[in-house]
$ cat query-v1.cif   # mmCIF, C-alpha atoms
data_entry
loop_
_atom_site.label_atom_id
_atom_site.label_comp_id
_atom_site.auth_asym_id
_atom_site.auth_seq_id
_atom_site.Cartn_x
_atom_site.Cartn_y
_atom_site.Cartn_z
CA MET A 24 167.20 146.48 354.13
CA ASN A 25 164.65 145.87 356.89
CA PRO A 26 166.49 145.22 360.18
CA THR A 27 164.63 143.18 362.75
CA ASP A 28 166.68 144.23 365.79
CA ILE A 29 165.69 147.91 365.78
CA PRO A 30 167.51 149.01 368.96
CA LYS A 31 170.77 147.47 367.76
CA TYR A 32 170.37 148.88 364.25
CA VAL A 33 169.62 152.45 365.37
CA ALA A 34 172.48 152.33 367.89
CA GLN A 35 174.83 151.34 365.04
CA LEU A 36 173.64 154.38 363.10
CA GLY A 37 174.32 156.53 366.15
CA VAL A 38 177.84 155.20 366.67
CA ALA A 39 178.70 155.76 363.01
CA ALA A 40 177.18 159.26 363.04
CA ARG A 41 179.09 160.31 366.13
CA ALA A 42 182.38 159.15 364.56
CA ALA A 43 181.58 160.93 361.30
CA ALA A 44 180.62 164.13 363.14
CA THR A 45 184.13 164.34 364.60
CA VAL A 46 185.61 164.19 361.10
CA MET A 47 183.08 166.62 359.63
CA ALA A 48 183.71 169.22 362.35
CA ALA A 49 187.34 169.41 361.26
CA ALA A 50 186.72 169.00 357.52
CA PRO A 51 188.23 171.71 355.29
CA THR A 52 185.82 174.03 353.54
CA ALA A 53 187.17 172.93 350.15
CA ALA A 54 186.21 169.31 350.78
CA LYS A 55 182.70 170.19 351.96
CA ASP A 56 182.15 172.43 348.95
CA ALA A 57 183.50 169.75 346.61
CA ALA A 58 180.99 167.27 348.03
CA LEU A 59 178.14 169.73 347.47
CA ARG A 60 179.14 170.41 343.87
CA ALA A 61 179.51 166.68 343.24
CA LEU A 62 176.05 166.11 344.68
CA ALA A 63 174.55 168.79 342.42
CA ARG A 64 176.18 167.17 339.39
CA ARG A 65 175.02 163.69 340.35
CA LEU A 66 171.45 164.92 340.90
CA ARG A 67 171.31 166.43 337.43
CA ASN A 68 172.74 163.26 335.87
CA ALA A 69 170.42 160.85 337.68
CA GLY A 70 167.11 162.02 336.27
CA ALA A 71 166.00 158.65 334.87
CA ALA A 72 166.92 156.64 337.96
CA LEU A 73 165.26 159.16 340.27
CA HIS A 74 162.14 159.20 338.10
CA ASP A 75 161.86 155.40 338.26
CA ALA A 76 162.32 155.29 342.04
CA ASN A 77 159.84 158.11 342.54
CA ALA A 78 157.31 156.41 340.25
CA GLN A 79 157.29 153.38 342.57
CA ASP A 80 156.42 155.60 345.53
CA LEU A 81 153.74 157.51 343.63
CA GLN A 82 152.09 154.31 342.43
CA ALA A 83 152.08 152.84 345.93
CA ALA A 84 150.76 156.07 347.44
CA ARG A 85 147.84 156.29 345.02
CA GLY A 86 147.14 152.60 345.50
CA ALA A 87 146.98 153.16 349.25
CA GLY A 88 144.49 156.01 348.79
CA LEU A 89 146.84 158.78 349.95
CA ALA A 90 145.21 162.22 349.66
CA GLU A 91 146.20 164.13 346.54
CA PRO A 92 147.96 167.00 348.41
CA LEU A 93 150.19 164.35 350.04
CA VAL A 94 150.79 162.64 346.69
CA ASP A 95 151.79 166.05 345.32
CA ARG A 96 154.40 166.39 348.07
CA LEU A 97 155.92 163.07 347.00
CA LYS A 98 156.70 164.13 343.45
CA LEU A 99 160.33 164.42 342.36
CA THR A 100 159.75 166.48 339.25
CA PRO A 101 162.63 167.77 337.09
CA LYS A 102 161.95 171.21 338.57
CA VAL A 103 162.26 169.87 342.13
CA ILE A 104 165.53 168.12 341.28
CA ALA A 105 166.89 171.24 339.59
CA THR A 106 165.97 173.34 342.62
CA VAL A 107 167.73 171.10 345.16
CA ALA A 108 170.76 170.82 342.87
CA GLU A 109 170.92 174.61 342.65
CA GLY A 110 170.57 174.75 346.44
CA CYS A 111 173.66 172.54 346.80
CA GLU A 112 175.63 174.90 344.54
CA GLN A 113 174.33 177.93 346.40
CA LEU A 114 175.51 176.41 349.67
CA ALA A 115 178.92 175.60 348.17
CA ALA A 116 179.31 179.25 347.17
CA MET A 117 178.43 180.56 350.63
CA PRO A 118 181.02 181.38 353.29
CA ASP A 119 181.74 178.56 355.71
CA PRO A 120 180.43 179.59 359.13
CA ILE A 121 182.39 176.94 361.03
CA GLY A 122 185.36 178.31 362.94
CA GLU A 123 184.28 181.93 362.59
CA ILE A 124 185.37 183.95 365.64
CA THR A 125 183.32 186.99 366.57
CA GLY A 126 182.91 189.56 369.30
CA VAL A 127 186.41 189.35 370.76
CA LYS A 128 186.79 191.94 373.53
CA ARG A 129 189.64 192.58 375.92
CA ARG A 130 188.66 192.51 379.59
CA PRO A 131 190.23 194.58 382.40
CA SER A 132 191.89 191.40 383.70
CA GLY A 133 193.90 191.17 380.47
CA ILE A 134 192.07 188.21 378.96
CA SER A 135 190.28 188.48 375.61
CA VAL A 136 186.82 186.88 375.35
CA GLY A 137 184.98 185.98 372.15
CA GLN A 138 182.88 183.28 370.52
CA MET A 139 183.49 180.64 367.85
CA ARG A 140 180.81 179.10 365.65
CA VAL A 141 180.83 175.28 365.77
CA PRO A 142 178.62 172.44 364.47
CA LEU A 143 175.87 171.02 366.67
CA GLY A 144 177.28 167.52 366.14
CA VAL A 145 174.66 164.95 365.08
CA PHE A 146 171.11 165.88 364.15
CA GLY A 147 168.28 163.49 363.53
CA MET A 148 165.78 164.50 360.88
CA ILE A 149 162.32 162.91 360.78
CA TYR A 150 160.16 163.96 357.88
CA GLU A 151 157.14 162.94 355.85
CA SER A 152 156.34 162.82 352.15
CA ARG A 153 158.75 165.23 350.47
CA PRO A 154 161.85 163.36 349.26
CA ASN A 155 163.58 166.62 348.33
CA VAL A 156 164.06 167.12 352.09
CA THR A 157 166.64 164.31 351.93
CA ILE A 158 168.88 166.51 349.79
CA GLU A 159 168.14 169.71 351.70
CA ALA A 160 169.04 168.06 355.01
CA ALA A 161 172.10 166.30 353.59
CA SER A 162 173.49 169.41 351.92
CA LEU A 163 173.05 171.52 355.06
CA ALA A 164 174.67 168.81 357.18
CA ILE A 165 177.68 168.74 354.87
CA LYS A 166 178.22 172.51 354.76
CA SER A 167 177.64 172.99 358.50
CA GLY A 168 180.10 170.22 359.42
CA ASN A 169 177.47 168.06 361.12
CA ALA A 170 176.50 164.43 360.74
CA ALA A 171 172.86 163.58 360.06
CA ILE A 172 170.61 160.57 360.53
CA LEU A 173 167.63 160.93 358.20
CA ARG A 174 164.33 159.11 358.56
CA GLY A 175 161.90 159.85 355.75
CA GLY A 176 158.34 158.64 355.49
CA SER A 177 157.62 155.08 354.40
CA GLU A 178 155.64 156.49 351.46
CA ALA A 179 158.89 157.92 349.97
CA ILE A 180 161.28 155.08 350.78
CA HIS A 181 162.37 154.30 347.19
CA SER A 182 162.92 157.97 346.33
CA ASN A 183 164.87 158.58 349.53
CA LEU A 184 167.10 155.54 349.03
CA ALA A 185 167.93 156.69 345.48
CA LEU A 186 168.75 160.21 346.66
CA TRP A 187 170.80 158.98 349.61
CA ALA A 188 172.94 156.85 347.29
CA LEU A 189 173.88 160.05 345.44
CA VAL A 190 174.76 161.77 348.74
CA GLN A 191 177.04 158.95 349.84
CA ALA A 192 178.76 158.86 346.44
CA ALA A 193 179.36 162.63 346.57
CA LEU A 194 180.81 162.43 350.11
CA THR A 195 183.13 159.60 349.09
CA GLU A 196 184.22 161.49 345.97
CA ALA A 197 185.20 164.47 348.15
CA GLY A 198 187.12 162.33 350.63
CA LEU A 199 184.59 162.74 353.42
CA PRO A 200 183.04 159.92 355.48
CA PRO A 201 179.92 158.54 353.77
CA ASP A 202 178.41 157.97 357.22
CA ALA A 203 178.18 161.74 357.63
CA VAL A 204 174.70 161.34 356.15
CA GLN A 205 172.83 158.13 356.96
CA LEU A 206 169.31 157.14 356.01
CA VAL A 207 167.22 154.90 358.25
CA GLN A 208 166.53 152.07 355.83
CA THR A 209 163.66 150.47 357.70
CA THR A 210 160.09 151.69 357.58
CA ASP A 211 159.45 150.28 361.07
CA ARG A 212 158.14 153.15 363.20
CA ALA A 213 160.00 151.80 366.21
CA ALA A 214 163.15 153.26 364.68
CA VAL A 215 161.81 156.76 365.26
CA GLY A 216 161.14 155.97 368.92
CA ARG A 217 164.75 154.88 369.36
CA LEU A 218 166.28 157.74 367.42
CA ILE A 219 164.62 160.43 369.53
CA THR A 220 165.74 158.87 372.82
CA MET A 221 169.51 158.56 372.18
CA PRO A 222 171.16 161.69 373.65
CA GLU A 223 174.48 159.83 373.69
CA TYR A 224 174.45 159.83 369.88
CA VAL A 225 172.02 162.56 368.76
CA ASP A 226 172.30 166.23 369.75
CA VAL A 227 169.07 167.59 368.28
CA ILE A 228 165.97 166.21 366.55
CA ILE A 229 164.25 168.10 363.73
CA PRO A 230 160.78 166.81 362.81
CA ARG A 231 159.20 168.03 359.59
CA GLY A 232 155.70 166.88 358.81
CA GLY A 233 152.15 166.84 360.10
CA LYS A 234 151.06 168.17 363.47
CA GLY A 235 150.52 164.65 364.82
CA LEU A 236 154.09 163.60 364.05
CA ILE A 237 155.60 166.71 365.60
CA GLU A 238 153.43 166.54 368.74
CA ARG A 239 154.44 162.91 369.25
CA ILE A 240 158.14 163.60 368.86
CA SER A 241 158.01 166.69 371.08
CA ALA A 242 156.32 164.64 373.81
CA GLU A 243 158.59 161.58 373.62
CA ALA A 244 162.02 162.98 372.69
CA ARG A 245 164.86 162.93 375.20
CA VAL A 246 166.97 165.30 373.10
CA PRO A 247 166.20 168.94 372.13
CA VAL A 248 163.66 169.39 369.32
CA ILE A 249 163.50 172.19 366.71
CA LYS A 250 159.88 172.24 365.63
CA HIS A 251 156.81 173.91 364.25
CA LEU A 252 153.43 172.32 364.74
CA ASP A 253 151.45 173.87 361.90
CA GLY A 254 151.32 176.73 359.41
CA ASN A 255 148.13 178.74 359.74
CA CYS A 256 149.47 181.67 357.71
CA HIS A 257 147.51 184.92 357.27
CA VAL A 258 147.24 187.59 354.60
CA TYR A 259 145.82 190.89 355.87
CA VAL A 260 144.53 193.44 353.32
CA ASP A 261 144.81 196.84 355.00
CA ALA A 262 142.55 199.90 354.74
CA GLU A 263 145.07 201.56 352.42
CA VAL A 264 146.17 199.19 349.69
CA GLU A 265 146.75 198.91 345.96
CA LEU A 266 143.98 196.51 344.95
CA ASP A 267 145.68 194.92 341.93
CA LEU A 268 148.70 194.09 344.10
CA ALA A 269 146.43 192.73 346.84
CA VAL A 270 144.59 190.40 344.44
CA LYS A 271 147.84 189.16 342.86
CA VAL A 272 149.64 188.49 346.15
CA THR A 273 146.64 186.92 347.91
CA ASP A 274 146.04 184.62 344.93
CA ASN A 275 149.68 183.49 344.95
CA ALA A 276 149.82 183.05 348.71
CA LYS A 277 146.84 180.70 348.60
CA THR A 278 146.82 178.96 345.22
CA GLN A 279 150.42 178.76 343.95
CA LYS A 280 150.59 175.47 345.86
CA TYR A 281 148.15 174.24 348.48
CA SER A 282 150.23 171.69 350.37
CA PRO A 283 153.19 173.70 351.82
CA CYS A 284 153.15 175.02 355.36
CA ASN A 285 153.71 178.60 354.08
CA ALA A 286 150.54 178.70 351.96
CA ALA A 287 147.96 181.20 353.22
CA GLU A 288 145.08 179.62 355.12
CA SER A 289 143.38 182.76 356.45
CA LEU A 290 142.48 186.05 354.79
CA LEU A 291 141.68 189.18 356.78
CA VAL A 292 140.27 192.23 354.97
CA HIS A 293 139.79 195.70 356.42
CA ALA A 294 136.17 196.85 356.21
CA ALA A 295 137.24 199.92 354.21
CA GLN A 296 138.41 197.65 351.33
CA ALA A 297 136.13 194.65 351.75
CA ALA A 298 133.44 195.70 349.22
CA ALA A 299 136.06 196.44 346.55
CA PHE A 300 138.45 193.57 347.24
CA LEU A 301 136.37 190.55 348.21
CA PRO A 302 134.36 190.20 344.95
CA ARG A 303 137.60 190.33 342.95
CA ILE A 304 139.47 187.72 344.99
CA GLY A 305 136.24 185.72 345.25
CA ASP A 306 136.10 185.41 341.46
CA VAL A 307 139.72 184.22 341.44
CA PHE A 308 139.00 181.61 344.10
CA VAL A 309 135.84 180.41 342.34
CA ALA A 310 137.78 179.95 339.09
CA LYS A 311 140.37 177.85 340.93
CA GLY A 312 137.92 175.83 343.00
CA VAL A 313 138.86 177.30 346.36
CA GLU A 314 136.26 176.93 349.11
CA MET A 315 135.73 180.13 351.14
CA ARG A 316 134.71 179.84 354.80
CA CYS A 317 133.55 183.31 355.72
CA CYS A 318 132.34 185.50 358.54
CA ALA A 319 128.82 186.93 358.03
CA ARG A 320 130.05 190.21 356.53
CA ALA A 321 132.46 188.52 354.10
CA ALA A 322 129.75 186.04 353.03
CA ALA A 323 127.32 188.89 352.33
CA LEU A 324 129.86 190.74 350.17
CA LEU A 325 130.76 187.58 348.24
CA GLY A 326 127.08 186.94 347.55
CA PRO A 327 125.78 183.84 345.79
CA ARG A 328 129.13 182.60 344.49
CA PRO A 329 129.71 178.84 344.72
CA LYS A 330 131.76 177.41 347.58
CA VAL A 331 131.01 180.30 349.95
CA LEU A 332 130.27 178.84 353.39
CA ARG A 333 129.93 180.25 356.90
CA ALA A 334 133.04 179.82 358.99
CA SER A 335 133.03 178.14 362.39
CA GLU A 336 135.24 179.33 365.25
CA GLU A 337 137.51 176.38 364.53
CA ASP A 338 138.16 177.59 360.99
CA TRP A 339 140.13 180.62 362.19
CA ALA A 340 142.83 178.32 363.60
CA THR A 341 142.83 175.58 360.94
CA GLU A 342 145.71 174.69 358.62
CA TYR A 343 143.87 173.23 355.62
CA LEU A 344 146.71 172.27 353.25
CA ALA A 345 143.95 172.23 350.65
CA PRO A 346 141.96 174.60 348.39
CA ILE A 347 140.10 176.08 351.39
CA ILE A 348 140.57 179.49 353.00
CA SER A 349 138.93 181.27 355.92
CA ILE A 350 137.93 184.91 355.31
CA LYS A 351 137.09 187.55 357.91
CA VAL A 352 136.32 191.27 357.66
CA VAL A 353 137.99 193.32 360.40
CA ASP A 354 137.44 196.92 361.43
CA SER A 355 141.00 197.94 362.28
CA LEU A 356 144.67 197.08 362.15
CA ASP A 357 144.47 196.41 365.89
CA GLU A 358 141.78 193.78 365.31
CA ALA A 359 143.81 192.17 362.52
CA ILE A 360 146.96 191.92 364.66
CA ALA A 361 145.00 190.54 367.61
CA HIS A 362 143.33 187.93 365.37
CA VAL A 363 146.64 186.79 363.89
CA ASN A 364 148.33 186.51 367.29
CA ARG A 365 145.36 184.64 368.78
CA HIS A 366 144.55 182.20 365.99
CA GLY A 367 147.80 181.97 364.01
CA SER A 368 150.58 179.44 364.44
CA HIS A 369 153.42 182.02 364.62
CA HIS A 370 154.76 180.78 361.27
CA THR A 371 154.33 183.41 358.51
CA ASP A 372 151.93 186.34 358.17
CA ALA A 373 151.72 189.17 355.62
CA ILE A 374 150.22 192.66 355.44
CA LEU A 375 149.30 194.23 352.10
CA THR A 376 149.32 198.00 352.50
CA THR A 377 150.52 201.34 351.16
CA ASN A 378 150.65 202.83 354.66
CA HIS A 379 154.19 202.74 356.05
CA GLY A 380 153.05 203.16 359.64
CA SER A 381 150.64 200.22 359.39
CA ALA A 382 153.36 198.08 357.84
CA MET A 383 155.82 198.89 360.63
CA ARG A 384 153.25 198.16 363.33
CA PHE A 385 152.41 194.80 361.73
CA LEU A 386 156.11 193.91 361.52
CA ARG A 387 156.71 194.81 365.17
CA GLU A 388 153.56 193.45 366.77
CA VAL A 389 152.75 190.22 364.91
CA ASP A 390 154.47 187.46 366.87
CA SER A 391 155.54 185.18 364.03
CA ALA A 392 158.79 183.71 362.75
CA SER A 393 158.40 185.50 359.39
CA VAL A 394 156.41 188.72 358.92
CA MET A 395 156.01 190.21 355.44
CA VAL A 396 154.92 193.44 353.79
CA ASN A 397 153.42 193.32 350.28
CA ALA A 398 154.79 189.86 349.51
CA SER A 399 153.39 186.35 349.29
CA THR A 400 153.70 184.09 352.32
CA ARG A 401 155.04 181.45 349.91
CA PHE A 402 158.43 183.19 350.13
CA ALA A 403 158.94 181.84 353.69
CA ASP A 404 161.51 179.32 352.58
CA GLY A 405 165.22 178.85 353.18
CA PHE A 406 166.05 178.74 349.47
CA GLU A 407 164.09 181.95 348.80
CA TYR A 408 165.73 183.63 351.81
CA GLY A 409 169.17 182.87 350.36
CA LEU A 410 170.04 180.21 352.93
CA GLY A 411 170.84 177.70 350.16
CA ALA A 412 168.36 175.25 351.64
CA GLU A 413 166.43 174.79 354.83
CA ILE A 414 166.23 172.00 357.34
CA GLY A 415 162.75 173.14 358.31
CA ILE A 416 160.91 176.14 359.72
CA SER A 417 160.99 176.74 363.44
CA THR A 418 158.25 178.51 365.36
CA ASP A 419 160.22 178.11 368.58
CA LYS A 420 161.77 181.22 370.10
CA PHE A 421 165.11 179.83 371.18
CA HIS A 422 168.22 178.95 369.17
CA ALA A 423 166.58 179.07 365.72
CA ARG A 424 163.41 180.76 364.45
CA GLY A 425 161.90 180.77 360.96
CA PRO A 426 163.63 178.94 358.10
CA VAL A 427 166.55 177.03 359.63
CA GLY A 428 169.62 177.13 357.43
CA LEU A 429 173.35 176.88 358.07
CA GLU A 430 173.51 179.01 361.21
CA GLY A 431 170.55 177.17 362.71
CA LEU A 432 172.64 173.98 362.62
CA THR A 433 175.52 175.58 364.52
CA SER A 434 176.17 176.76 368.04
CA LEU A 435 178.58 179.19 369.66
CA LYS A 436 181.22 178.36 372.20
CA TRP A 437 183.13 180.89 374.25
CA LEU A 438 186.85 181.47 373.69
CA VAL A 439 189.17 182.98 376.25
CA LEU A 440 192.61 184.11 375.05
CA GLY A 441 195.22 184.91 377.64
CA GLN A 442 198.92 185.45 378.26
CA GLY A 443 199.29 183.83 381.67
CA GLU A 444 196.59 185.81 383.49
CA VAL A 445 195.28 184.41 386.79
CA ARG A 446 192.20 185.45 388.72
CA GLY A 447 192.86 187.33 391.92
#
$ encode --input "query-v1.cif" --output "structure tokens"
Amino acid sequence: MNPTDIPKYVAQLGVAARAAATVMAAAPTAAKDAALRALARRLRNAGAALHDANAQDLQAARGAGLAEPLVDRLKLTPKVIATVAEGCEQLAAMPDPIGEITGVKRRPSGISVGQMRVPLGVFGMIYESRPNVTIEAASLAIKSGNAAILRGGSEAIHSNLALWALVQAALTEAGLPPDAVQLVQTTDRAAVGRLITMPEYVDVIIPRGGKGLIERISAEARVPVIKHLDGNCHVYVDAEVELDLAVKVTDNAKTQKYSPCNAAESLLVHAAQAAAFLPRIGDVFVAKGVEMRCCARAAALLGPRPKVLRASEEDWATEYLAPIISIKVVDSLDEAIAHVNRHGSHHTDAILTTNHGSAMRFLREVDSASVMVNASTRFADGFEYGLGAEIGISTDKFHARGPVGLEGLTSLKWLVLGQGEVRG
């Protein structure tokens, strides 16, 4: 499908989504959970069809000269499919947040005041490359009682259409409206411009992709946006640290996968450990082909190893999404925290240390959505956090921060319970 009248087409999606959202808000938990389990089953049974659809996208992407990290994000491997299927089942097993009433307190007037958790309504999701996001967004929409309009990247259109067909079949099987999750079936970019300017149909927009995409949507949207612009994540090796742990965690944070936004892009090393630690991690990076952009002290300690370059000021704030890392030697925890807060993107940052006081200071003072002690930044993920799936990672400070799961797609409304009280 490639509609030519984009405004009319996107408005039709909005009308259908708003109607479906009303049904989803009142849907019983059993029906939502049945849809999620049906989706997990259908994902596992559709391996061949998904492989064929994904192969079309991969072939087209390579033919168009798409960078290899972006091609990697396109892949629907059996492991990826198994993970999103498990995420659906994990969500089905979780308590339903919708309708939960909390904080009820009786006031001197006689009324009781509390709050109820409710769906946001309709969210629009705009994302690039990764087709697994189609399932993550759909499954979270179903469990949270929302409707969703999904617009994936043109490079993943065949994969997304195949996945969306499974979502609609699962919703229908569970007796829920298939329009609760809709996919924008045109690759025309004008559809995005319409979707983000329809407050009458869309309650929130969630962009997930490159910095350029998110900046554009943030600037042009007429509805609230949950966003993060980039993921310049740091690993800081403290003065007191277990070196084997530091090498293992730093290696994983950087090289387990280069393309995700939670991969480490910057490495800070306390001067007290630099001579012992840097040659060891340097050997690991050389073996894996990672380019190291270093301050003068780090470069001197790494010596004549290949791919050791001098860092520019710009490197400290760069999200590479590639086998490149910036490395700086610092003289104190204070300097490390100041560097992270100045150059980081407030996404995810980790300290590797055996000093409890240093760990607690890092946790309190680093202004990021996720802050970690002795763990890889690659854990900053809704599935790993036990959220079942994530709609994205927010570096905003209102409503939702960090991996956005079920609760991030809900709101609270006030309830007042009375027995005929009137205000004097």
$ resolve_selection --input "query-v1.cif" --expression "the PyMOL selection byres ((chain A and resi 292-304) around 7)" --output "list in words"
Tyr259, Val260, Asp261, Ala262, Leu266, Val270, Leu290, Leu291, Gly305, Asp306, Val307, Phe308, Leu324, Leu325, Lys351, Val352, Val353, Asp354 and Ser355 of chain A
$ closest_residue --input "query-v1.cif" --among "A:Gly415, A:Gly168, A:Gly175, A:Pro154" --to "Asn77 (chain A)" --atoms "all atoms listed in the file"
A:Pro154
$ residues_near_point --input "query-v1.cif" --point "(168.9, 157.4, 376.5)" --cutoff "12 Å" --atoms "all atoms listed in the file" --output "ChimeraX atom specification"
/A:30,34,37,216-226,243-246
$ residues_around --input "query-v1.cif" --residues "region 129-132 of chain A" --least-positions-apart "5" --cutoff "10 Å" --atoms "only C-alpha atoms" --output "list in words"
Gly137, Val439, Leu440, Gly441, Glu444, Val445, Arg446 and Gly447 of chain A
$ resolve_selection --input "query-v1.cif" --expression "the PyMOL selection byres ((chain A and resi 383-386) around 12)" --output "PyMOL selection string"
chain A and resi 257-261+355-364+371-382+387-397
$ atom_distance --input "query-v1.cif" --atom1 "CA of Ile416 (chain A)" --atom2 "CA of Ile240 (chain A)"
15.8 Å
$ axis_aligned_box --input "query-v1.cif" --around "region 209-223 of chain A" --padding-each-side "5 Å" --output "AutoDock Vina command-line options"
--center_x 166.3 --center_y 156.0 --center_z 365.6 --size_x 26.3 --size_y 21.4 --size_z 26.1
$ atom_distance --input "query-v1.cif" --atom1 "CA of Arg60 (chain A)" --atom2 "CA of Arg231 (chain A)"
25.5 Å
$ atom_distance --input "query-v1.cif" --atom1 "CA of Gly88 (chain A)" --atom2 "CA of Asn155 (chain A)"
21.8 Å
$ residues_around --input "query-v1.cif" --residues "Leu410 (chain A)" --least-positions-apart "3" --cutoff "7 Å" --atoms "only C-alpha atoms" --output "list in words"
Gly405, Phe406, Glu413, Gly428 and Leu429 of chain A
$ resolve_selection --input "query-v1.cif" --expression "the PyMOL selection byres ((chain A and resi 115) around 9)" --output "short mmCIF file (atom, residue, chain, number, x, y, z; two decimals) with C-alpha atoms, in the frame of the given file"
data_model
loop_
_atom_site.label_atom_id
_atom_site.label_comp_id
_atom_site.auth_asym_id
_atom_site.auth_seq_id
_atom_site.Cartn_x
_atom_site.Cartn_y
_atom_site.Cartn_z
CA THR A 52 185.82 174.03 353.54
CA ALA A 53 187.17 172.93 350.15
CA LYS A 55 182.70 170.19 351.96
CA ASP A 56 182.15 172.43 348.95
CA ALA A 57 183.50 169.75 346.61
CA ALA A 58 180.99 167.27 348.03
CA LEU A 59 178.14 169.73 347.47
CA ARG A 60 179.14 170.41 343.87
CA GLY A 110 170.57 174.75 346.44
CA CYS A 111 173.66 172.54 346.80
CA GLU A 112 175.63 174.90 344.54
CA GLN A 113 174.33 177.93 346.40
CA LEU A 114 175.51 176.41 349.67
CA ALA A 116 179.31 179.25 347.17
CA MET A 117 178.43 180.56 350.63
CA PRO A 118 181.02 181.38 353.29
CA ASP A 119 181.74 178.56 355.71
CA LYS A 166 178.22 172.51 354.76
CA GLY A 411 170.84 177.70 350.16
#
$ residues_around --input "query-v1.cif" --residues "Leu438 (chain A)" --least-positions-apart "5" --cutoff "7 Å" --atoms "all atoms listed in the file" --output "list in words"
Val136, Gly137, Gln138 and Met139 of chain A
$ closest_residue --input "query-v1.cif" --among "A:Arg174, A:Lys128, A:Lys250, A:Lys280" --to "Ala214 (chain A)" --atoms "all atoms listed in the file"
A:Arg174
$ residues_near_point --input "query-v1.cif" --point "(159.2, 156.4, 348.6)" --cutoff "8 Å" --atoms "only C-alpha atoms" --output "list in words"
Ala76, Asn77, Gln79, Asp80, Leu81, Leu97, Ser152, Pro154, Gly176, Ser177, Glu178, Ala179, Ile180, His181, Ser182, Asn183 and Leu184 of chain A
